[in-house]
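What follows is the content of coords_17.tsv, which has TSV, N, CA and C atoms:
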```
chain	number	residue	atom	x	y	z
A	1384	MET	N	122.99	53.20	151.94
A	1384	MET	CA	123.45	52.20	151.00
A	1384	MET	C	124.56	52.77	150.12
A	1385	ALA	N	124.42	54.03	149.73
A	1385	ALA	CA	125.46	54.64	148.90
A	1385	ALA	C	126.78	54.71	149.67
A	1386	ARG	N	126.72	54.98	150.96
A	1386	ARG	CA	127.94	55.03	151.77
A	1386	ARG	C	128.58	53.65	151.86
A	1387	ALA	N	127.77	52.61	152.02
A	1387	ALA	CA	128.30	51.25	152.06
A	1387	ALA	C	128.96	50.91	150.74
A	1388	LYS	N	128.33	51.32	149.63
A	1388	LYS	CA	128.92	51.08	148.31
A	1388	LYS	C	130.27	51.76	148.20
A	1389	SER	N	130.38	52.99	148.70
A	1389	SER	CA	131.66	53.70	148.60
A	1389	SER	C	132.74	52.98	149.40
A	1390	PHE	N	132.38	52.41	150.54
A	1390	PHE	CA	133.38	51.65	151.31
A	1390	PHE	C	133.79	50.39	150.56
A	1391	VAL	N	132.84	49.72	149.97
A	1391	VAL	CA	133.14	48.49	149.23
A	1391	VAL	C	134.10	48.78	148.08
A	1392	LYS	N	133.85	49.86	147.37
A	1392	LYS	CA	134.65	50.17	146.18
A	1392	LYS	C	135.94	50.90	146.50
A	1393	GLN	N	135.94	51.82	147.49
A	1393	GLN	CA	137.09	52.69	147.70
A	1393	GLN	C	137.89	52.41	148.96
A	1394	LYS	N	137.28	51.79	149.95
A	1394	LYS	CA	137.97	51.57	151.22
A	1394	LYS	C	137.75	50.16	151.75
A	1395	PRO	N	138.06	49.14	150.96
A	1395	PRO	CA	137.79	47.77	151.42
A	1395	PRO	C	138.59	47.39	152.67
A	1396	SER	N	139.80	47.93	152.82
A	1396	SER	CA	140.60	47.57	154.00
A	1396	SER	C	139.96	48.13	155.28
A	1397	GLN	N	139.41	49.35	155.21
A	1397	GLN	CA	138.75	49.92	156.38
A	1397	GLN	C	137.45	49.17	156.69
A	1398	LEU	N	136.76	48.75	155.65
A	1398	LEU	CA	135.54	47.97	155.86
A	1398	LEU	C	135.87	46.65	156.55
A	1399	LYS	N	136.98	46.03	156.15
A	1399	LYS	CA	137.41	44.78	156.77
A	1399	LYS	C	137.70	44.99	158.26
A	1400	ILE	N	138.31	46.10	158.61
A	1400	ILE	CA	138.61	46.40	160.01
A	1400	ILE	C	137.31	46.49	160.82
A	1401	VAL	N	136.30	47.14	160.26
A	1401	VAL	CA	135.01	47.28	160.95
A	1401	VAL	C	134.36	45.91	161.15
A	1402	PHE	N	134.35	45.11	160.08
A	1402	PHE	CA	133.76	43.77	160.20
A	1402	PHE	C	134.51	42.93	161.23
A	1403	ASP	N	135.84	43.02	161.23
A	1403	ASP	CA	136.63	42.27	162.21
A	1403	ASP	C	136.34	42.75	163.64
A	1404	TYR	N	136.23	44.05	163.82
A	1404	TYR	CA	135.97	44.61	165.15
A	1404	TYR	C	134.65	44.09	165.72
A	1405	PHE	N	133.62	44.04	164.89
A	1405	PHE	CA	132.32	43.57	165.35
A	1405	PHE	C	132.13	42.07	165.19
A	1406	LYS	N	133.20	41.39	164.79
A	1406	LYS	CA	133.18	39.93	164.62
A	1406	LYS	C	132.06	39.49	163.68
A	1407	ILE	N	132.00	40.17	162.54
A	1407	ILE	CA	131.00	39.88	161.50
A	1407	ILE	C	131.74	39.31	160.29
A	1408	ALA	N	131.15	38.33	159.67
A	1408	ALA	CA	131.76	37.77	158.47
A	1408	ALA	C	131.80	38.84	157.37
A	1409	PRO	N	132.92	38.94	156.68
A	1409	PRO	CA	133.02	39.96	155.62
A	1409	PRO	C	132.05	39.66	154.47
A	1410	LEU	N	131.75	40.70	153.71
A	1410	LEU	CA	130.87	40.53	152.57
A	1410	LEU	C	131.52	39.63	151.53
A	1411	ARG	N	130.71	38.74	150.98
A	1411	ARG	CA	131.20	37.91	149.89
A	1411	ARG	C	131.17	38.75	148.62
A	1412	THR	N	131.88	38.31	147.61
A	1412	THR	CA	131.94	39.03	146.35
A	1412	THR	C	130.56	39.24	145.75
A	1413	VAL	N	129.72	38.23	145.81
A	1413	VAL	CA	128.37	38.34	145.26
A	1413	VAL	C	127.56	39.38	146.03
A	1414	GLU	N	127.76	39.50	147.33
A	1414	GLU	CA	127.06	40.50	148.13
A	1414	GLU	C	127.53	41.91	147.80
A	1415	GLU	N	128.84	42.06	147.58
A	1415	GLU	CA	129.38	43.35	147.17
A	1415	GLU	C	128.82	43.76	145.82
A	1416	GLU	N	128.77	42.83	144.88
A	1416	GLU	CA	128.23	43.12	143.55
A	1416	GLU	C	126.75	43.50	143.64
A	1417	PHE	N	126.00	42.80	144.48
A	1417	PHE	CA	124.58	43.11	144.67
A	1417	PHE	C	124.42	44.52	145.21
A	1418	LEU	N	125.21	44.88	146.21
A	1418	LEU	CA	125.13	46.20	146.82
A	1418	LEU	C	125.42	47.30	145.80
A	1419	ILE	N	126.44	47.11	145.00
A	1419	ILE	CA	126.79	48.09	143.97
A	1419	ILE	C	125.67	48.23	142.95
A	1420	GLU	N	125.12	47.12	142.51
A	1420	GLU	CA	124.03	47.13	141.53
A	1420	GLU	C	122.77	47.75	142.13
A	1421	PHE	N	122.47	47.43	143.37
A	1421	PHE	CA	121.30	47.95	144.06
A	1421	PHE	C	121.34	49.47	144.11
A	1422	VAL	N	122.48	50.02	144.49
A	1422	VAL	CA	122.63	51.47	144.58
A	1422	VAL	C	122.53	52.10	143.20
A	1423	LYS	N	123.12	51.46	142.20
A	1423	LYS	CA	123.08	52.00	140.84
A	1423	LYS	C	121.65	52.09	140.33
A	1424	ILE	N	120.86	51.09	140.60
A	1424	ILE	CA	119.48	51.04	140.10
A	1424	ILE	C	118.57	51.99	140.89
A	1425	LEU	N	118.74	52.06	142.21
A	1425	LEU	CA	117.83	52.86	143.02
A	1425	LEU	C	118.22	54.33	143.13
A	1426	HIS	N	119.42	54.70	142.69
A	1426	HIS	CA	119.86	56.09	142.77
A	1426	HIS	C	118.91	57.05	142.03
A	1427	PRO	N	118.52	56.76	140.78
A	1427	PRO	CA	117.58	57.66	140.10
A	1427	PRO	C	116.24	57.78	140.84
A	1428	LEU	N	115.75	56.70	141.40
A	1428	LEU	CA	114.50	56.75	142.15
A	1428	LEU	C	114.65	57.62	143.40
A	1429	ALA	N	115.75	57.49	144.09
A	1429	ALA	CA	115.99	58.30	145.29
A	1429	ALA	C	116.05	59.79	144.93
A	1430	GLU	N	116.69	60.12	143.80
A	1430	GLU	CA	116.74	61.52	143.36
A	1430	GLU	C	115.34	62.05	143.07
A	1431	ALA	N	114.53	61.27	142.38
A	1431	ALA	CA	113.17	61.69	142.04
A	1431	ALA	C	112.33	61.89	143.30
A	1432	LEU	N	112.44	60.97	144.23
A	1432	LEU	CA	111.68	61.10	145.49
A	1432	LEU	C	112.13	62.32	146.29
A	1433	ASP	N	113.43	62.58	146.30
A	1433	ASP	CA	113.94	63.78	146.99
A	1433	ASP	C	113.35	65.04	146.38
A	1434	ALA	N	113.32	65.10	145.06
A	1434	ALA	CA	112.77	66.27	144.38
A	1434	ALA	C	111.28	66.43	144.69
A	1435	LEU	N	110.55	65.34	144.68
A	1435	LEU	CA	109.11	65.42	144.93
A	1435	LEU	C	108.80	65.75	146.39
A	1436	GLN	N	109.60	65.26	147.29
A	1436	GLN	CA	109.35	65.52	148.72
A	1436	GLN	C	109.72	66.94	149.12
A	1437	ALA	N	110.59	67.57	148.36
A	1437	ALA	CA	111.03	68.93	148.69
A	1437	ALA	C	109.94	69.96	148.40
A	1438	ASP	N	109.05	69.65	147.47
A	1438	ASP	CA	108.01	70.60	147.09
A	1438	ASP	C	106.77	70.37	147.95
A	1439	GLN	N	106.20	71.46	148.47
A	1439	GLN	CA	105.02	71.35	149.34
A	1439	GLN	C	103.76	70.99	148.57
A	1440	LYS	N	103.59	71.58	147.41
A	1440	LYS	CA	102.38	71.35	146.62
A	1440	LYS	C	102.77	70.86	145.24
A	1441	ILE	N	102.73	69.57	145.06
A	1441	ILE	CA	103.09	68.97	143.78
A	1441	ILE	C	101.95	69.16	142.80
A	1442	THR	N	102.28	69.67	141.64
A	1442	THR	CA	101.29	69.79	140.57
A	1442	THR	C	101.66	68.82	139.47
A	1443	ILE	N	100.73	68.56	138.58
A	1443	ILE	CA	100.97	67.65	137.47
A	1443	ILE	C	102.10	68.18	136.59
A	1444	GLY	N	102.27	69.51	136.56
A	1444	GLY	CA	103.33	70.12	135.77
A	1444	GLY	C	104.72	69.82	136.30
A	1445	PHE	N	104.81	69.41	137.55
A	1445	PHE	CA	106.10	69.03	138.14
A	1445	PHE	C	106.23	67.52	138.24
A	1446	LEU	N	105.13	66.86	138.52
A	1446	LEU	CA	105.15	65.42	138.72
A	1446	LEU	C	105.47	64.67	137.42
A	1447	LEU	N	104.78	65.01	136.35
A	1447	LEU	CA	105.00	64.29	135.09
A	1447	LEU	C	106.43	64.42	134.57
A	1448	PRO	N	107.03	65.61	134.53
A	1448	PRO	CA	108.43	65.67	134.08
A	1448	PRO	C	109.39	64.87	134.97
A	1449	THR	N	109.08	64.84	136.26
A	1449	THR	CA	109.93	64.06	137.18
A	1449	THR	C	109.82	62.57	136.86
A	1450	ILE	N	108.63	62.10	136.58
A	1450	ILE	CA	108.43	60.69	136.23
A	1450	ILE	C	109.09	60.36	134.90
A	1451	VAL	N	108.97	61.26	133.93
A	1451	VAL	CA	109.59	61.04	132.61
A	1451	VAL	C	111.12	61.01	132.75
A	1452	ALA	N	111.66	61.93	133.55
A	1452	ALA	CA	113.12	61.95	133.77
A	1452	ALA	C	113.58	60.67	134.47
A	1453	LEU	N	112.80	60.22	135.45
A	1453	LEU	CA	113.12	58.97	136.15
A	1453	LEU	C	113.13	57.80	135.18
A	1454	LYS	N	112.12	57.72	134.35
A	1454	LYS	CA	112.04	56.62	133.39
A	1454	LYS	C	113.23	56.65	132.43
A	1455	THR	N	113.62	57.85	131.98
A	1455	THR	CA	114.78	57.99	131.08
A	1455	THR	C	116.06	57.52	131.78
A	1456	LYS	N	116.25	57.93	133.02
A	1456	LYS	CA	117.44	57.52	133.76
A	1456	LYS	C	117.47	56.01	133.98
A	1457	LEU	N	116.32	55.43	134.27
A	1457	LEU	CA	116.26	53.98	134.47
A	1457	LEU	C	116.53	53.23	133.18
A	1458	ARG	N	116.10	53.78	132.06
A	1458	ARG	CA	116.41	53.15	130.77
A	1458	ARG	C	117.91	53.19	130.48
A	1459	LYS	N	118.57	54.27	130.89
A	1459	LYS	CA	120.04	54.35	130.73
A	1459	LYS	C	120.72	53.28	131.58
A	1460	VAL	N	120.22	53.10	132.80
A	1460	VAL	CA	120.78	52.05	133.68
A	1460	VAL	C	120.57	50.69	133.03
A	1461	GLU	N	119.39	50.49	132.45
A	1461	GLU	CA	119.08	49.23	131.79
A	1461	GLU	C	120.00	48.99	130.61
A	1462	SER	N	120.28	50.03	129.83
A	1462	SER	CA	121.10	49.85	128.63
A	1462	SER	C	122.55	49.53	128.98
A	1463	VAL	N	122.97	49.88	130.18
A	1463	VAL	CA	124.33	49.56	130.62
A	1463	VAL	C	124.45	48.08	130.95
A	1464	GLY	N	123.31	47.44	131.15
A	1464	GLY	CA	123.34	45.99	131.39
A	1464	GLY	C	123.06	45.59	132.81
A	1465	SER	N	122.23	46.31	133.48
A	1465	SER	CA	121.94	46.00	134.88
A	1465	SER	C	121.00	44.82	135.04
A	1466	GLY	N	120.29	44.47	133.97
A	1466	GLY	CA	119.33	43.38	134.09
A	1466	GLY	C	117.94	43.88	134.40
A	1467	LEU	N	117.79	45.18	134.67
A	1467	LEU	CA	116.48	45.75	134.93
A	1467	LEU	C	115.69	45.84	133.65
A	1468	ARG	N	114.46	45.43	133.67
A	1468	ARG	CA	113.61	45.46	132.47
A	1468	ARG	C	112.44	46.40	132.71
A	1469	LEU	N	112.31	47.41	131.87
A	1469	LEU	CA	111.17	48.34	131.98
A	1469	LEU	C	110.22	48.16	130.84
```

Would you mind writing the file's structure down as C-alpha coordinates?
Amino acid sequence: MARAKSFVKQKPSQLKIVFDYFKIAPLRTVEEEFLIEFVKILHPLAEALDALQADQKITIGFLLPTIVALKTKLRKVESVGSGLRL
(Lines of atoms letter the chains of each structure in order from A and count residues from 1; the text may use other names and numbers.)
(Lines give C-alpha, C1' and ligand atoms only; values in the text may rest on other atoms or scores of the structure.)
Protein backbone atom coordinates (compact mmCIF):
# COMPACT_ATOMS: atom_id res chain seq x y z
CA MET A 1 0.00 0.00 0.00
CA ALA A 2 2.85 2.37 0.79
CA ARG A 3 4.31 1.74 -2.68
CA ALA A 4 0.94 2.49 -4.30
CA LYS A 5 0.75 5.71 -2.28
CA SER A 6 4.20 6.73 -3.52
CA PHE A 7 3.10 6.21 -7.13
CA VAL A 8 -0.07 8.23 -6.57
CA LYS A 9 1.84 11.13 -5.04
CA GLN A 10 5.17 11.07 -6.92
CA LYS A 11 4.69 9.23 -10.21
CA PRO A 12 1.10 9.70 -11.41
CA SER A 13 2.10 9.61 -15.09
CA GLN A 14 3.78 6.20 -14.68
CA LEU A 15 0.77 4.92 -12.76
CA LYS A 16 -1.45 6.05 -15.64
CA ILE A 17 0.71 4.09 -18.10
CA VAL A 18 0.29 0.92 -16.00
CA PHE A 19 -3.48 1.37 -15.75
CA ASP A 20 -3.70 1.99 -19.50
CA TYR A 21 -1.57 -1.07 -20.27
CA PHE A 22 -3.84 -3.35 -18.25
CA LYS A 23 -6.96 -1.55 -19.49
CA ILE A 24 -8.01 -0.61 -15.96
CA ALA A 25 -9.91 2.54 -15.12
CA PRO A 26 -7.61 5.05 -13.40
CA LEU A 27 -8.06 5.83 -9.73
CA ARG A 28 -10.55 8.55 -9.00
CA THR A 29 -9.48 11.44 -6.80
CA VAL A 30 -11.49 10.10 -3.87
CA GLU A 31 -9.77 6.71 -4.21
CA GLU A 32 -6.34 8.35 -4.26
CA GLU A 33 -7.22 10.36 -1.14
CA PHE A 34 -8.47 7.20 0.59
CA LEU A 35 -5.25 5.35 -0.25
CA ILE A 36 -3.09 8.17 1.11
CA GLU A 37 -5.14 8.41 4.31
CA PHE A 38 -5.20 4.62 4.74
CA VAL A 39 -1.40 4.40 4.59
CA LYS A 40 -1.00 7.37 6.93
CA ILE A 41 -3.25 5.80 9.57
CA LEU A 42 -1.95 2.22 9.32
CA HIS A 43 1.76 3.08 9.12
CA PRO A 44 2.21 3.30 12.93
CA LEU A 45 0.39 -0.01 13.38
CA ALA A 46 2.59 -1.69 10.76
CA GLU A 47 5.72 -0.41 12.54
CA ALA A 48 4.50 -1.73 15.90
CA LEU A 49 3.65 -5.14 14.43
CA ASP A 50 7.05 -5.34 12.74
CA ALA A 51 8.77 -4.62 16.05
CA LEU A 52 6.69 -7.20 17.90
CA GLN A 53 7.13 -9.89 15.26
CA ALA A 54 10.90 -9.46 15.20
CA ASP A 55 11.26 -10.52 18.84
CA GLN A 56 11.03 -14.25 19.61
CA LYS A 57 9.89 -13.92 23.21
CA ILE A 58 7.74 -10.88 23.86
CA THR A 59 7.63 -9.80 27.47
CA ILE A 60 5.32 -7.28 29.08
CA GLY A 61 8.35 -4.98 29.38
CA PHE A 62 8.50 -4.77 25.59
CA LEU A 63 4.84 -5.11 24.72
CA LEU A 64 3.49 -2.28 26.88
CA PRO A 65 5.95 0.39 25.65
CA THR A 66 5.20 -0.64 22.07
CA ILE A 67 1.46 -0.24 22.66
CA VAL A 68 1.96 3.13 24.38
CA ALA A 69 4.16 4.34 21.51
CA LEU A 70 1.56 3.15 18.99
CA LYS A 71 -1.21 4.98 20.82
CA THR A 72 0.90 8.17 20.92
CA LYS A 73 1.61 7.97 17.19
CA LEU A 74 -2.06 7.37 16.41
CA ARG A 75 -3.03 10.39 18.51
CA LYS A 76 -0.61 12.49 16.44
CA VAL A 77 -2.27 11.22 13.27
CA GLU A 78 -5.64 12.09 14.79
CA SER A 79 -4.55 15.61 15.71
CA VAL A 80 -3.52 16.25 12.10
CA GLY A 81 -7.13 15.74 11.15
CA SER A 82 -7.40 12.25 9.79
CA GLY A 83 -10.83 11.68 11.27
CA LEU A 84 -9.60 8.77 13.39
CA ARG A 85 -11.08 8.82 16.88
CA LEU A 86 -9.31 7.07 19.76

| task | Pick out each residue of region 1398-1461 of chain A that DSSP on the backbone tags as alpha helix (DSSP H); I need them as a ChimeraX atom specification. | result | /A:1398-1404,1412-1437,1443-1461

| Interatomic distance (Å, one decimal) between atom N of Lys1423 (chain A) and atom N of Ala1437 (chain A) |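 Here the two named atoms are 21.3 Å from each other.
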
| query | What gap, in Å, lies between atom N of Leu1457 (chain A) and CA of Pro1427 (chain A)? | reply |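 Result for atom N of Leu1457 (chain A) versus CA of Pro1427 (chain A): 6.4 Å, one decimal.
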
| query | How far is it from CA of Glu1416 (chain A) to CA of Ala1431 (chain A), in Å with one decimal? | reply |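 Computed distance, CA of Glu1416 (chain A) to CA of Ala1431 (chain A), equals 24.0 Å.
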
How big is the axis-aligned box around the listed atoms of region 1389-1399 of chain A once 3 Å is added on each side, and where is its centre? Give both in Å to one decimal, as lines of an AutoDock Vina configuration file.
```
center_x = 135.5
center_y = 49.2
center_z = 152.2
size_x = 16.2
size_y = 14.9
size_z = 18.1
```

| query | With only C-alpha atoms as the atoms that count, which of A:Leu1453, A:Lys1399, A:Pro1448, A:Leu1410 lies nearest to Glu1430 (chain A)? | reply |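 Among the listed residues, A:Leu1453 lies closest to Glu1430 (chain A).
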
| Which protein, DNA or RNA residues have an atom at most 8 Å from (132.4, 48.3, 152.9), counting only N, CA and C atoms? List them as a list in words. | Arg1386, Ala1387, Lys1388, Ser1389, Phe1390, Val1391, Lys1392, Gln1393, Lys1394, Pro1395, Ser1396, Gln1397, Leu1398, Lys1399 and Leu1410 of chain A
